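Student: Just so it is clear, I am handing over target_22.cif, which has mmCIF, C-alpha atoms and all ligand atoms.
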```
data_work
loop_
_atom_site.label_atom_id
_atom_site.label_comp_id
_atom_site.auth_asym_id
_atom_site.auth_seq_id
_atom_site.Cartn_x
_atom_site.Cartn_y
_atom_site.Cartn_z
CA GLU D 1 59.90 94.82 92.21
CA ASN D 2 61.05 91.25 91.84
CA GLN D 3 63.79 92.23 89.50
CA ARG D 4 64.96 95.01 91.76
CA ALA D 5 65.21 92.52 94.59
CA ARG D 6 67.29 90.28 92.41
CA ILE D 7 69.61 93.12 91.47
CA ARG D 8 69.94 94.13 95.10
CA HIS D 9 70.75 90.57 95.94
CA CYS D 10 73.33 90.58 93.23
CA PHE D 11 75.10 93.67 94.48
CA PHE D 12 74.99 92.72 98.12
CA ALA D 13 75.96 89.10 97.70
CA PRO D 14 76.55 87.22 100.95
CA SER D 15 80.27 86.91 100.24
CA MET D 16 80.71 90.69 100.14
CA GLU D 17 78.75 91.13 103.35
CA GLY D 18 80.83 88.33 104.78
CA ILE D 19 84.07 90.07 103.91
CA ALA D 20 82.91 93.40 105.32
CA SER D 21 81.63 91.90 108.57
CA ARG D 22 84.75 89.78 109.01
CA LYS D 23 86.84 92.94 108.74
CA LEU D 24 84.61 94.68 111.29
CA LYS D 25 84.87 91.62 113.52
CA ILE D 26 88.66 91.70 113.27
CA GLN D 27 88.69 95.41 114.02
CA SER D 28 86.51 94.99 117.09
CA LEU D 29 88.77 92.16 118.29
CA LEU D 30 91.72 94.48 117.78
CA ASN D 31 90.02 97.05 119.94
CA THR D 32 89.68 94.68 122.87
CA GLY D 33 92.75 93.86 124.92
CA SER D 34 92.29 90.17 124.13
CA ALA D 35 93.48 90.65 120.56
CA LEU D 36 96.80 91.94 121.82
CA GLU D 37 96.98 89.00 124.23
CA GLU D 38 96.48 86.49 121.43
CA LEU D 39 99.14 88.04 119.27
CA ASP D 40 102.29 86.01 118.76
CA VAL D 41 105.51 86.56 116.83
CA TYR D 42 107.26 83.93 114.70
CA TYR D 43 110.80 84.22 113.41
CA GLN D 44 112.33 83.26 110.06
CA PRO D 45 116.11 83.13 109.54
CA LEU D 46 118.02 85.14 106.93
CA ILE D 47 121.05 83.26 105.64
CA ASP D 48 124.34 84.74 104.50
CA ALA D 49 124.61 83.47 100.92
CA THR D 50 128.39 83.14 101.13
CA THR D 51 128.90 81.51 104.53
CA GLY D 52 125.52 79.79 104.91
CA HIS D 53 125.24 81.18 108.43
CA ILE D 54 122.16 82.72 110.00
CA VAL D 55 122.73 86.46 110.37
CA SER D 56 119.31 87.57 111.50
CA PHE D 57 115.67 86.70 111.94
CA GLU D 58 112.62 88.44 110.51
CA ALA D 59 109.81 88.90 113.03
CA LEU D 60 106.46 87.89 111.53
CA ALA D 61 103.26 88.52 113.44
CA ARG D 62 100.83 85.65 114.04
CA TRP D 63 97.28 85.80 115.33
CA HIS D 64 95.27 82.74 116.28
CA ASN D 65 91.85 83.89 117.44
CA ALA D 66 89.56 81.69 119.52
CA GLU D 67 86.62 82.39 117.20
CA LEU D 68 88.14 83.07 113.77
CA GLY D 69 91.12 80.73 113.96
CA PHE D 70 94.31 81.70 112.13
CA ILE D 71 94.05 85.17 110.64
CA PRO D 72 96.59 85.79 107.85
CA PRO D 73 98.93 88.69 108.72
CA PRO D 74 98.13 90.81 105.65
CA GLU D 75 94.46 90.61 106.66
CA PHE D 76 94.84 91.78 110.26
CA ILE D 77 97.61 94.25 109.47
CA THR D 78 95.36 95.93 106.89
CA ALA D 79 92.43 95.87 109.33
CA ALA D 80 94.63 97.47 111.98
CA GLU D 81 95.82 100.11 109.53
CA ASP D 82 92.25 100.99 108.55
CA GLY D 83 90.91 100.75 112.10
CA GLY D 84 93.59 102.89 113.72
CA GLN D 85 95.18 100.16 115.86
CA ILE D 86 98.39 99.70 113.85
CA VAL D 87 100.50 102.00 116.03
CA GLU D 88 99.65 100.08 119.20
CA LEU D 89 99.95 96.71 117.48
CA GLY D 90 103.25 97.71 115.89
CA GLU D 91 104.64 98.78 119.25
CA LEU D 92 103.74 95.43 120.80
CA ILE D 93 105.45 93.57 117.93
CA MET D 94 108.54 95.81 118.18
CA GLN D 95 108.86 95.29 121.94
CA THR D 96 108.27 91.55 121.69
CA ALA D 97 110.86 91.15 118.93
CA CYS D 98 113.50 93.27 120.69
CA LEU D 99 113.09 91.49 124.04
CA GLN D 100 113.28 88.14 122.27
CA LEU D 101 116.43 89.07 120.37
CA ALA D 102 118.07 90.14 123.65
CA GLN D 103 117.45 86.60 124.99
CA TRP D 104 118.87 84.94 121.86
CA ARG D 105 121.92 87.19 121.81
CA ARG D 106 123.14 85.33 124.89
CA LEU D 107 123.46 82.30 122.59
CA ALA D 108 124.42 84.17 119.40
CA PRO D 109 125.83 87.63 120.24
CA ALA D 110 125.91 88.99 116.67
CA LEU D 111 122.32 88.07 115.82
CA LYS D 112 120.02 90.81 114.48
CA ILE D 113 116.29 91.22 114.14
CA SER D 114 114.19 92.59 111.25
CA VAL D 115 110.82 94.10 112.06
CA ASN D 116 108.19 94.99 109.44
CA ILE D 117 106.90 98.53 109.68
CA SER D 118 103.64 99.82 108.26
CA PRO D 119 103.93 103.19 106.50
CA LEU D 120 101.32 104.52 108.94
CA GLN D 121 103.65 103.76 111.86
CA LEU D 122 106.36 105.89 110.29
CA LEU D 123 103.91 108.78 109.98
CA ASP D 124 103.27 108.64 113.74
CA PRO D 125 105.19 111.46 115.46
CA ALA D 126 106.14 109.13 118.33
CA PHE D 127 107.66 106.46 116.08
CA GLU D 128 111.30 107.23 116.78
CA SER D 129 110.83 107.35 120.54
CA MET D 130 108.83 104.11 120.38
CA VAL D 131 111.77 102.41 118.66
CA ALA D 132 114.34 103.93 121.03
CA ASN D 133 112.24 102.82 123.97
CA ALA D 134 111.94 99.24 122.72
CA LEU D 135 115.72 99.03 122.20
CA GLN D 136 116.42 100.48 125.62
CA LEU D 137 113.93 98.17 127.34
CA ALA D 138 115.70 95.19 125.78
CA GLY D 139 119.19 96.59 126.30
CA LEU D 140 119.97 96.36 122.58
CA PRO D 141 122.19 98.65 120.46
CA PRO D 142 120.49 100.23 117.43
CA GLN D 143 122.78 98.12 115.20
CA ALA D 144 120.81 95.02 116.25
CA LEU D 145 117.65 96.29 114.58
CA LYS D 146 116.58 96.36 110.95
CA LEU D 147 113.34 97.94 109.82
CA GLU D 148 111.58 96.65 106.71
CA VAL D 149 109.37 99.09 104.85
CA THR D 150 107.55 98.39 101.60
CA GLU D 151 107.59 100.39 98.44
CA GLN D 152 104.14 101.64 99.45
CA LEU D 153 105.84 104.08 101.78
CA MET D 154 107.33 105.89 98.82
CA LEU D 155 103.87 106.87 97.65
CA GLN D 156 103.49 108.97 100.76
CA SER D 157 107.03 110.16 100.45
CA SER D 158 107.43 113.43 102.21
CA ASP D 159 110.36 115.38 103.58
CA GLN D 160 109.18 114.33 107.01
CA VAL D 161 109.40 110.62 106.25
CA LEU D 162 112.78 111.04 104.57
CA HIS D 163 114.01 113.03 107.55
CA LYS D 164 112.83 110.33 109.94
CA LEU D 165 114.47 107.55 107.92
CA ASN D 166 117.73 109.49 107.79
CA SER D 167 117.60 110.01 111.52
CA LEU D 168 116.99 106.30 112.22
CA GLN D 169 119.78 105.35 109.83
CA SER D 170 122.22 107.75 111.45
CA GLN D 171 121.52 106.12 114.82
CA GLY D 172 122.75 102.82 113.37
CA ILE D 173 119.42 101.18 112.59
CA GLN D 174 119.45 99.44 109.20
CA LEU D 175 116.65 100.11 106.75
CA ALA D 176 115.43 97.59 104.22
CA ILE D 177 113.13 98.15 101.28
CA ASP D 178 110.74 95.19 101.18
CA ASP D 179 108.93 93.56 98.24
CA PHE D 180 111.08 95.46 95.76
CA GLY D 181 109.73 95.12 92.25
CA SER D 182 106.14 94.45 93.24
CA GLY D 183 104.83 97.97 93.16
CA TYR D 184 105.62 101.55 92.61
CA ALA D 185 109.18 102.13 93.75
CA SER D 186 110.95 104.59 91.60
CA LEU D 187 114.63 103.96 91.03
CA ASN D 188 115.18 107.47 92.26
CA TYR D 189 114.12 106.48 95.80
CA LEU D 190 116.76 103.79 95.89
CA SER D 191 119.54 106.33 95.72
CA SER D 192 117.93 109.18 97.65
CA TYR D 193 116.61 107.17 100.62
CA PRO D 194 118.96 105.71 103.23
CA PHE D 195 118.32 102.03 102.54
CA GLU D 196 121.06 99.50 103.18
CA LEU D 197 119.13 96.39 102.14
CA LEU D 198 116.89 95.59 99.21
CA LYS D 199 114.55 92.61 99.42
CA ILE D 200 113.56 91.37 95.98
CA ASP D 201 109.88 90.50 95.87
CA GLN D 202 109.35 86.79 96.35
CA SER D 203 107.17 86.50 93.26
CA PHE D 204 110.37 87.10 91.22
CA ILE D 205 112.30 84.41 93.06
CA MET D 206 109.62 81.74 93.05
CA ASP D 207 109.28 81.62 89.25
CA ILE D 208 112.88 82.46 88.41
CA MET D 209 113.57 78.97 87.00
CA ARG D 210 110.54 79.10 84.71
CA GLU D 211 110.72 82.67 83.45
CA GLU D 212 113.84 84.03 81.76
CA ARG D 213 112.43 87.53 82.25
CA LEU D 214 112.55 87.14 86.05
CA LEU D 215 116.13 85.93 85.93
CA THR D 216 117.09 89.01 83.92
CA LEU D 217 115.21 91.31 86.28
CA THR D 218 116.74 89.72 89.38
CA ARG D 219 120.25 89.96 87.91
CA THR D 220 119.70 93.59 86.91
CA ILE D 221 118.17 94.61 90.24
CA THR D 222 121.05 92.95 92.09
CA GLU D 223 123.68 94.74 90.00
CA LEU D 224 121.89 98.05 90.39
CA ALA D 225 121.54 97.61 94.15
CA HIS D 226 125.21 96.71 94.49
CA SER D 227 126.29 99.69 92.45
CA LEU D 228 124.32 101.89 94.86
CA GLY D 229 125.91 100.19 97.86
CA LEU D 230 122.87 98.17 98.95
CA LYS D 231 122.89 94.52 99.96
CA VAL D 232 120.39 92.23 98.29
CA VAL D 233 118.07 89.76 100.01
CA ALA D 234 116.19 87.12 98.03
CA GLU D 235 113.13 85.83 99.83
CA GLY D 236 110.84 82.96 98.97
CA VAL D 237 113.80 80.63 98.29
CA GLU D 238 112.25 77.17 98.22
CA THR D 239 114.68 74.96 96.27
CA THR D 240 118.42 74.26 96.22
CA GLU D 241 118.49 75.04 92.48
CA ILE D 242 117.21 78.54 93.14
CA ALA D 243 119.62 79.01 96.04
CA SER D 244 122.65 78.15 93.92
CA LEU D 245 121.43 80.32 91.07
CA LEU D 246 121.09 83.22 93.51
CA GLN D 247 124.63 82.59 94.71
CA THR D 248 125.92 82.93 91.16
CA LEU D 249 123.95 86.19 90.87
CA GLU D 250 125.79 87.33 94.03
CA CYS D 251 122.74 87.85 96.19
CA ASP D 252 123.96 88.63 99.69
CA LEU D 253 121.25 87.05 101.83
CA MET D 254 118.61 84.40 101.35
CA GLN D 255 115.38 83.62 103.14
CA GLY D 256 112.78 80.96 102.47
CA TYR D 257 111.25 77.58 103.20
CA LEU D 258 114.39 75.83 101.87
CA PHE D 259 116.17 77.02 104.99
CA SER D 260 113.28 77.35 107.40
CA ARG D 261 109.68 78.39 107.74
CA PRO D 262 108.91 81.12 110.27
CA LEU D 263 109.29 79.39 113.65
CA PRO D 264 107.85 79.84 117.13
CA VAL D 265 110.24 81.06 119.84
CA ALA D 266 110.92 77.65 121.41
CA GLU D 267 112.07 76.16 118.11
CA VAL D 268 114.49 79.00 117.40
CA THR D 269 115.85 78.75 120.93
CA SER D 270 116.55 75.04 120.67
CA MET D 271 118.03 75.56 117.21
CA LEU D 272 120.46 78.15 118.63
CA GLU D 273 121.24 75.93 121.61
CA ASN D 274 121.90 72.82 119.55
CA GLY D 275 123.71 74.43 116.66
CA VAL D 276 121.98 74.89 113.34
CA PRO D 277 121.48 72.19 110.70
CA TRP D 278 123.18 74.07 107.84
P1 LIG S 1 106.72 90.00 104.02
O1 LIG S 1 107.26 91.02 104.94
O2 LIG S 1 107.11 90.07 102.59
O3 LIG S 1 107.09 88.60 104.67
C1 LIG S 1 107.44 87.44 103.94
C2 LIG S 1 106.28 86.48 103.87
O4 LIG S 1 106.63 85.40 103.03
C3 LIG S 1 105.90 85.86 105.21
O5 LIG S 1 104.50 85.61 105.18
C4 LIG S 1 106.66 84.54 105.18
O6 LIG S 1 106.12 83.55 106.02
C5 LIG S 1 106.52 84.17 103.73
N1 LIG S 1 107.59 83.31 103.25
C6 LIG S 1 108.90 83.30 103.62
N2 LIG S 1 109.59 82.39 102.92
C7 LIG S 1 108.72 81.80 102.07
C8 LIG S 1 108.85 80.76 101.08
O7 LIG S 1 109.92 80.19 100.84
N3 LIG S 1 107.72 80.41 100.40
C9 LIG S 1 106.51 81.02 100.64
N4 LIG S 1 105.45 80.63 99.93
N5 LIG S 1 106.36 82.02 101.56
C10 LIG S 1 107.45 82.39 102.27
P2 LIG S 1 103.54 86.04 106.39
O8 LIG S 1 104.23 85.78 107.69
O9 LIG S 1 102.23 85.39 106.13
O10 LIG S 1 103.42 87.61 106.23
C11 LIG S 1 102.83 88.17 105.11
C12 LIG S 1 103.00 89.67 105.11
O11 LIG S 1 102.30 90.26 106.21
C13 LIG S 1 104.45 90.11 105.27
O12 LIG S 1 105.09 90.02 104.03
C14 LIG S 1 104.24 91.53 105.75
O13 LIG S 1 103.95 92.38 104.68
C15 LIG S 1 102.99 91.39 106.62
N6 LIG S 1 103.43 91.26 108.03
C16 LIG S 1 103.72 90.14 108.73
N7 LIG S 1 104.07 90.45 110.00
C17 LIG S 1 104.01 91.81 110.09
C18 LIG S 1 104.27 92.75 111.15
O14 LIG S 1 104.68 92.41 112.27
N8 LIG S 1 104.08 94.09 110.85
C19 LIG S 1 103.69 94.49 109.61
N9 LIG S 1 103.52 95.82 109.40
N10 LIG S 1 103.45 93.63 108.61
C20 LIG S 1 103.61 92.31 108.83
CA CA S 2 109.26 91.77 105.34
CA CA S 3 108.82 90.74 101.32
CA CA S 4 105.03 90.79 101.02
#
```
As structure tokens, how would this structure be written, given the file I've shared?
Tutor:
Amino acid sequence: ENQRARIRHCFFAPSMEGIASRKLKIQSLLNTGSALEELDVYYQPLIDATTGHIVSFEALARWHNAELGFIPPPEFITAAEDGGQIVELGELIMQTACLQLAQWRRLAPALKISVNISPLQLLDPAFESMVANALQLAGLPPQALKLEVTEQLMLQSSDQVLHKLNSLQSQGIQLAIDDFGSGYASLNYLSSYPFELLKIDQSFIMDIMREERLLTLTRTITELAHSLGLKVVAEGVETTEIASLLQTLECDLMQGYLFSRPLPVAEVTSMLENGVPW
């Protein structure tokens, strides 16, 4: 009896219960309107590797909850995917990002915005009209928007998803494959899906100075992407050494703490008003 209790205790350790209840807590907060009210979007610049100019910003969701404090995006995005709130949450992020870009375009007319898309959002039949609606509401052309999807999407690859991506691309929306190299992407998808941008996973970039293997992989991925007509983004660029190495590898765009962390709206606005520091 005693031993069984100990085993039970072992399997249902407080940390596991803690994780499960935190997820449930996050999901119930997502279900209340207050979660959507607390949601914020930060923006991180993407830099043209040749000119050094900002060409776009990536929208990154932020959630500071009164009770739980800062909740890391991968945690609440996953909770929203599992709890069925990702479509609503994704729509809010899309609308927020598009309206914000429309404001900033008064200061920088060519600026674009990248929005991360969960694979589940793409499976939603209303996805295309949601995107069209957000663009229209903000008065933006489709060319102002880039959608970032991870390799994960390819696992659920279906004719439907491919059809939807082709349709978005033909409207002028740019598609980026995110975290390339981290997971399951088959090289076949690179040529058969309508991607225009490839974002090399930041784990490659961060250790590129220490691991020869990562340098070789990054060079090879970049050459392959270019030969297929895709532009390459390196993210997680934290040092000037890495930035100049990436320039010699002919990466097209760079993103990372070296240039800027993701910033709240007010900081981006004053940056655009005052001219940028690089
Ligand atoms: P991601 O799309 O790969 O975004 C890049 C992440 O790397 C961001 O983390 C960003 O803050 C961080 N980062 C950028 N530069 C550097 C750097 O130089 N060094 C380091 N250490 N980190 C850097 P964040 O904002 O915490 O987001 C994490 C992930 O959560 C994102 O990865 C994305 O998968 C997901 N996510 C964030 N916002 C959204 C959203 O609105 N929708 C969806 N579906 N997913 C989102
Ligand atoms: Ca991304
Ligand atoms: Ca990424
Ligand atoms: Ca990532």
Student: To check your reading of the model: which residues sit at most 8 Å from ligand LIG 1 (chain S) when counting all atoms listed in the file? Write the answer as an MDAnalysis selection string.
Tutor: chainID D and resid 41:42 44 59:62 72:75 77 86 90 93:94 115:119 148 150 178:179 201:202 206 235:238 255:258 260:262
Student: Would you list the residues near (103.4, 102.5, 95.3) (no more than 12 Å away, in the coordinates of the file, using all atoms listed in the file) as a list in words?
Tutor: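 Those residues lying close to the given coordinates are Pro119, Val149, Thr150, Glu151, Gln152, Leu153, Met154, Leu155, Gln156, Ser157, Asp178, Asp179, Phe180, Gly181, Ser182, Gly183, Tyr184, Ala185, Ser186 and Tyr189 of chain D.
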Student: Compare D:Leu101, D:Gln247, D:Ile200, D:Lys164 by their minimum atom-to-atom distance to ligand CA 4 (chain S), counting all atoms listed in the file, and give me the closest one.
Tutor: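 Comparing D:Leu101, D:Gln247, D:Ile200, D:Lys164 against ligand CA 4 (chain S), the winner is D:Ile200.
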Student: Record the distance separating CA of His53 in chain D and CA of Lys112 in chain D, expressed in Å with one decimal.
Tutor: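 We find that CA of His53 in chain D and CA of Lys112 in chain D lie 12.5 Å from each other.
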Student: Which residue is closest to Lys231 in chain D? Choose from D:Thr248, D:Gln103, D:Gln174, D:Gln121 and count only C-alpha atoms.
Tutor: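 Smallest separation from Lys231 in chain D among the options: D:Gln174.
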Student: Please work out which residues fall within 12 Å of (123.6, 98.8, 119.7), coordinates as given in the file, with all atoms listed in the file counting, and return them as a VMD selection string.
Tutor: chain D and resid 98 102 105 109 to 113 132 135 to 136 138 to 146 171 to 174
Student: Which one is closest to ligand CA 4 (chain S): D:Phe204, D:Phe195, D:Phe259, D:Phe70? Count all atoms listed in the file.
Tutor: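 Among D:Phe204, D:Phe195, D:Phe259, D:Phe70, it is D:Phe204 that comes nearest to ligand CA 4 (chain S).
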Student: Any idea what's packed within 8 Å of Val87 in chain D, counting only C-alpha atoms, ignoring anything in its chain fewer than 2 positions away? Could you give it as a ChimeraX atom specification?
Tutor: /D:84-85,89-91,120-121,124
Student: As a list in words, please: the residues near Val232 in chain D (cut-off 10 Å, only C-alpha atoms, same-chain neighbours under 5 positions excluded).
Tutor: Ala176, Ile177, Glu196, Leu197, Leu198, Lys199, Ile200, Thr218, Ile221, Thr222, Glu223, Leu224, Ala225, His226, Glu250, Cys251, Asp252, Leu253 and Met254 of chain D
Student: Calculate how many Å separate CA of Ser158 in chain D from CA of Leu30 in chain D, rounding to one decimal.
Tutor: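 Taking CA of Ser158 in chain D as the start and CA of Leu30 in chain D as the end point, the length is 29.1 Å.
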Student: Return the single residue from D:Leu215, D:Leu29, D:Leu175, D:Ile242 that is closest to Ser114 in chain D, with distances computed using only C-alpha atoms.
Tutor: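 Among the listed residues, D:Leu175 lies closest to Ser114 in chain D.
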Student: Using only C-alpha atoms and all ligand atoms, which residue out of D:Leu147, D:Val268, D:Leu217, D:Ala79 lies closest to ligand CA 2 (chain S)?
Tutor: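 The closest residue to ligand CA 2 (chain S) is D:Leu147.
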Student: For Asp40 in chain D, which residue out of D:Leu168, D:Leu92, D:Val233, D:Leu187 is the nearest one, using all atoms listed in the file?
Tutor: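 Counting all atoms listed in the file, the residue closest to Asp40 in chain D is D:Leu92.
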